[in-house]
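*Asks:* Quick one: the structure is below, and I'll ask about it shortly.
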Amino acid sequence: MAFLAYDPAKLGFLLMMLCCFLSTTCSVRVPPANFVFGDSLVDAGNNNYITTFSKANHVPNGIDFPGHEPTGRYTNGRTIVDILGNSYCLSGQALGLMEFTPPFLAPSTAGDVVLKGVNYASGGAGILNKTGYIFRLYRLDARKLVVVNVGPIGCTPYLREVYPSATGDNCVDFPNQLARRYNGRLRDLVAELNTNLEGAVLVYADVYRIVTEIIRDHGSYGFQVADSACCFVNGRYGGFIPCGPSSAVCADRSKYVFWDPYHPSDAANVVIAERLLGGGLDDISPMNVRQLVDARGSDPP
């Protein structure tokens, strides 16, 4: 399974996340290996080990993660991939992985550990052709792919802050128009690849729709704030400065859709993951993640 998603906060980068669950010929169902490629939406700590200004290994990031300390994840708790894969999440209905998929650059990610999956995601990663080949995956025997579209980037605290036209419940329309235009072509590409890649099953996940619905009807999901960052320094929406040690943190993180100017909170990631895992055809088609993992596809040639 492959999972393509894009950082809703960075219009100029339109970043990609991929989760690849490799096919198995075993007759007994076992938890799939989980390989993650992407940006800060799913980085589990790779940027801790490289020279970059894009890092999240400082407080208050990770305040709600097990251990209550920063891990390099750009949120207060878990990423969507953490929630989808880990066995204790979502009332035991996730994919059955017993541990979080480790970052590739961590010294402990070696030996048999890699057979269970590796997280290659890095905050600031790009979507140039050289970094985004799906075939970087098909030829390596990935057969089940979830392709996640671009979210409503004009609704993030950062772009609300940058564009004065964003007032009240209004998102910034132009970035969202670009996202919708891109998503239409992405959906066509998924259909084309389903036809041309023998034995592969690609699923199109409409995160744009899911996140838009969460923001629009946030009260029904238990949220109180859908336009501002929980971790903030200044600005109308806390969107100017990334989350860091000098930031203030909201009292109840579970009430905020956004953790920082760019990234969803743990609570929002749970809602998104639930919809991808067990949602209907309006959320993810032609099947959801649970159905995709259970489906018996063709073995690699």
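Residue names in the structure tokens use chain letters A, B, ... in the order shown, residue numbers from 1 in each chain, and ligand numbers from 1 in the order shown.
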Pick out the residues sitting within 12 Å of Arg275 (chain A), and hand them over as an MDAnalysis selection string; count only C-alpha atoms, and ignore anything fewer than 4 positions along from it in its own chain.
*Replies:* chainID A and resid 80 83:84 90 94 205:207 209:211 213:214 268:271 279:285 287:290
*Asks:* Based on the selection just made, write C-alpha atoms of those residues as a JSON list (two decimals), in the first residue's frame.
*Replies:*
[["chain", "number", "residue", "atom", "x", "y", "z"],
["A", 80, "ILE", "CA", -1.33, 9.74, 11.17],
["A", 83, "ILE", "CA", -2.01, 5.94, 14.63],
["A", 84, "LEU", "CA", -2.81, 3.82, 11.58],
["A", 90, "LEU", "CA", -8.30, 3.26, 17.57],
["A", 94, "ALA", "CA", -5.44, -0.44, 13.60],
["A", 205, "ALA", "CA", -7.77, 9.01, -0.04],
["A", 206, "ASP", "CA", -9.62, 12.32, -0.06],
["A", 207, "VAL", "CA", -7.93, 14.06, 2.87],
["A", 209, "ARG", "CA", -12.58, 16.46, 2.01],
["A", 210, "ILE", "CA", -11.93, 14.95, 5.43],
["A", 211, "VAL", "CA", -9.97, 17.91, 6.81],
["A", 213, "GLU", "CA", -15.22, 18.68, 7.07],
["A", 214, "ILE", "CA", -13.31, 18.59, 10.35],
["A", 268, "ALA", "CA", -7.01, 15.74, 14.55],
["A", 269, "ASN", "CA", -4.66, 13.02, 13.33],
["A", 270, "VAL", "CA", -6.80, 10.45, 15.16],
["A", 271, "VAL", "CA", -9.92, 11.61, 13.32],
["A", 279, "GLY", "CA", -14.22, 5.30, 6.08],
["A", 280, "GLY", "CA", -16.68, 5.01, 3.22],
["A", 281, "LEU", "CA", -16.21, 5.64, -0.48],
["A", 282, "ASP", "CA", -16.54, 9.40, -0.10],
["A", 283, "ASP", "CA", -13.43, 9.40, 2.10],
["A", 284, "ILE", "CA", -11.29, 6.74, 0.46],
["A", 285, "SER", "CA", -11.98, 4.64, -2.62],
["A", 287, "MET", "CA", -11.71, 0.64, -0.45],
["A", 288, "ASN", "CA", -10.49, 1.82, 2.92],
["A", 289, "VAL", "CA", -7.14, 1.00, 4.51],
["A", 290, "ARG", "CA", -8.44, -1.90, 6.58]]
*Asks:* Which of region 166-246 of chain A counts as strand (DSSP E) under DSSP, as a list in words please?
*Replies:*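 Answer for region 166-246 of chain A restricted to strand (DSSP E) is Val201, Leu202, Val203, Tyr204, Ala205, Val225, Ala226, Asp227, Ser228, Ala229, Cys231 and Phe232 of chain A.
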*Asks:* For the residues selected in the previous step, produce a file with N, CA and C atoms as a compact mmCIF listing (two decimals), in the first residue's frame.
*Replies:*
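Everything below was put into again-v2.txt:
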# COMPACT_ATOMS: atom_id res chain seq x y z
N VAL A 201 -2.67 -2.47 -6.32
CA VAL A 201 -3.95 -1.88 -5.94
C VAL A 201 -3.68 -0.51 -5.35
N LEU A 202 -4.18 0.53 -6.01
CA LEU A 202 -4.01 1.89 -5.52
C LEU A 202 -5.35 2.42 -5.03
N VAL A 203 -5.31 3.07 -3.89
CA VAL A 203 -6.51 3.63 -3.27
C VAL A 203 -6.33 5.14 -3.15
N TYR A 204 -7.37 5.87 -3.50
CA TYR A 204 -7.33 7.34 -3.45
C TYR A 204 -8.01 7.83 -2.18
N ALA A 205 -7.24 8.50 -1.31
CA ALA A 205 -7.77 9.01 -0.04
C ALA A 205 -8.01 10.50 -0.15
N VAL A 225 -11.45 24.92 18.55
CA VAL A 225 -10.69 25.89 17.75
C VAL A 225 -10.18 25.20 16.48
N ALA A 226 -10.56 25.76 15.33
CA ALA A 226 -10.18 25.14 14.06
C ALA A 226 -9.37 26.07 13.17
N ASP A 227 -9.09 27.28 13.63
CA ASP A 227 -8.37 28.23 12.77
C ASP A 227 -7.02 28.67 13.33
N SER A 228 -6.72 28.34 14.57
CA SER A 228 -5.51 28.83 15.22
C SER A 228 -4.65 27.68 15.73
N ALA A 229 -3.37 27.97 15.90
CA ALA A 229 -2.43 26.97 16.40
C ALA A 229 -2.49 26.88 17.92
N CYS A 231 0.08 25.66 19.69
CA CYS A 231 1.42 26.11 20.06
C CYS A 231 1.71 27.38 19.28
N PHE A 232 1.78 28.52 19.97
CA PHE A 232 1.85 29.79 19.26
C PHE A 232 2.77 30.78 19.98
*Asks:* Pick out the residues sitting within 7 Å of region 52-68 of chain A, and hand them over as an MDAnalysis selection string; count only C-alpha atoms, and ignore anything fewer than 2 positions along from it in its own chain.
*Replies:* chainID A and resid 47:48 50 70:78 123:124 244:245
*Asks:* Please identify all polymer residues within 8 Å of region 115-119 of chain A, counting only C-alpha atoms, omitting same-chain residues fewer than 6 positions from it, and present them as a PyMOL selection string.
*Replies:* chain A and resi 32-37+43-44+101-104+109
*Asks:* Give me a file of those residues, with all heavy atoms, as a compact mmCIF listing (two decimals), in the first residue's frame.
*Replies:*
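Dumped everything to out-v3.txt:
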# COMPACT_ATOMS: atom_id res chain seq x y z
N PRO A 32 1.59 -6.11 8.38
CA PRO A 32 2.42 -5.77 7.24
C PRO A 32 3.62 -4.93 7.65
O PRO A 32 3.61 -4.25 8.66
CB PRO A 32 1.48 -4.95 6.36
CG PRO A 32 0.52 -4.33 7.32
CD PRO A 32 0.34 -5.34 8.42
N ALA A 33 4.67 -5.00 6.85
CA ALA A 33 5.80 -4.10 7.03
C ALA A 33 5.40 -2.72 6.53
O ALA A 33 4.74 -2.58 5.51
CB ALA A 33 7.01 -4.62 6.26
N ASN A 34 5.80 -1.70 7.26
CA ASN A 34 5.34 -0.35 7.01
C ASN A 34 6.53 0.53 6.63
O ASN A 34 7.40 0.77 7.47
CB ASN A 34 4.66 0.19 8.27
CG ASN A 34 4.07 1.56 8.08
OD1 ASN A 34 3.79 1.97 6.96
ND2 ASN A 34 3.89 2.28 9.17
N PHE A 35 6.58 0.99 5.39
CA PHE A 35 7.67 1.85 4.93
C PHE A 35 7.09 3.22 4.59
O PHE A 35 6.18 3.33 3.78
CB PHE A 35 8.38 1.23 3.72
CG PHE A 35 9.11 -0.03 4.06
CD1 PHE A 35 8.46 -1.25 4.01
CD2 PHE A 35 10.43 0.01 4.46
CE1 PHE A 35 9.13 -2.42 4.34
CE2 PHE A 35 11.11 -1.15 4.78
CZ PHE A 35 10.46 -2.37 4.73
N VAL A 36 7.61 4.25 5.21
CA VAL A 36 7.05 5.59 5.14
C VAL A 36 8.01 6.52 4.43
O VAL A 36 9.20 6.58 4.77
CB VAL A 36 6.75 6.14 6.55
CG1 VAL A 36 6.09 7.51 6.47
CG2 VAL A 36 5.89 5.17 7.34
N PHE A 37 7.51 7.25 3.43
CA PHE A 37 8.29 8.26 2.72
C PHE A 37 7.50 9.56 2.75
O PHE A 37 6.33 9.57 2.40
CB PHE A 37 8.54 7.84 1.27
CG PHE A 37 9.24 6.53 1.11
CD1 PHE A 37 8.53 5.34 1.18
CD2 PHE A 37 10.60 6.48 0.91
CE1 PHE A 37 9.17 4.12 1.04
CE2 PHE A 37 11.25 5.28 0.75
CZ PHE A 37 10.54 4.09 0.83
N ASP A 43 7.30 12.67 9.57
CA ASP A 43 8.67 12.50 10.05
C ASP A 43 8.63 12.01 11.51
O ASP A 43 7.99 12.62 12.36
CB ASP A 43 9.41 13.85 9.97
CG ASP A 43 10.90 13.72 10.24
OD1 ASP A 43 11.34 12.68 10.77
OD2 ASP A 43 11.63 14.68 9.93
N ALA A 44 9.33 10.91 11.77
CA ALA A 44 9.37 10.34 13.12
C ALA A 44 10.68 10.64 13.83
O ALA A 44 10.95 10.08 14.89
CB ALA A 44 9.15 8.83 13.05
N THR A 101 6.86 2.75 13.66
CA THR A 101 7.86 2.56 12.62
C THR A 101 9.04 3.49 12.88
O THR A 101 8.86 4.70 12.94
CB THR A 101 7.26 2.83 11.24
OG1 THR A 101 6.11 1.99 11.05
CG2 THR A 101 8.28 2.55 10.15
N PRO A 102 10.26 2.97 13.04
CA PRO A 102 11.40 3.79 13.46
C PRO A 102 11.97 4.64 12.34
O PRO A 102 11.91 4.26 11.16
CB PRO A 102 12.42 2.74 13.92
CG PRO A 102 12.13 1.55 13.06
CD PRO A 102 10.64 1.54 12.88
N PRO A 103 12.57 5.78 12.68
CA PRO A 103 13.23 6.61 11.66
C PRO A 103 14.46 5.92 11.10
O PRO A 103 15.23 5.30 11.84
CB PRO A 103 13.59 7.89 12.42
CG PRO A 103 13.64 7.49 13.86
CD PRO A 103 12.62 6.40 14.02
N PHE A 104 14.65 6.06 9.82
CA PHE A 104 15.75 5.39 9.12
C PHE A 104 17.12 5.77 9.69
O PHE A 104 18.02 4.93 9.80
CB PHE A 104 15.69 5.75 7.63
CG PHE A 104 16.89 5.35 6.83
CD1 PHE A 104 17.18 4.01 6.63
CD2 PHE A 104 17.73 6.31 6.28
CE1 PHE A 104 18.29 3.63 5.88
CE2 PHE A 104 18.84 5.93 5.54
CZ PHE A 104 19.12 4.59 5.34
N THR A 109 18.01 1.67 14.21
CA THR A 109 17.28 1.11 13.07
C THR A 109 18.25 0.32 12.21
O THR A 109 18.85 0.81 11.25
CB THR A 109 16.63 2.23 12.25
OG1 THR A 109 15.81 3.03 13.10
CG2 THR A 109 15.76 1.66 11.13
*Asks:* May I ask for the distance between CA of Pro157 (chain A) and CA of Ala267 (chain A), given in Å to one decimal place?
*Replies:*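 Separation of CA of Pro157 (chain A) and CA of Ala267 (chain A): 16.6 Å.
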*Asks:* May I ask which of the residues A:Tyr256, A:Val146, A:Gly219, A:Asn46 is the closest one to Leu276 (chain A), counting only C-alpha atoms?
*Replies:*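 Among the listed residues, the smallest separation from Leu276 (chain A) belongs to A:Val146.
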*Asks:* May I ask which of the residues A:Gly154, A:Gly85, A:Arg187, A:Ala273 is the closest one to Phe174 (chain A), counting only C-alpha atoms?
*Replies:*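 Between A:Gly154, A:Gly85, A:Arg187, A:Ala273, the residue approaching Phe174 (chain A) most closely is A:Gly154.
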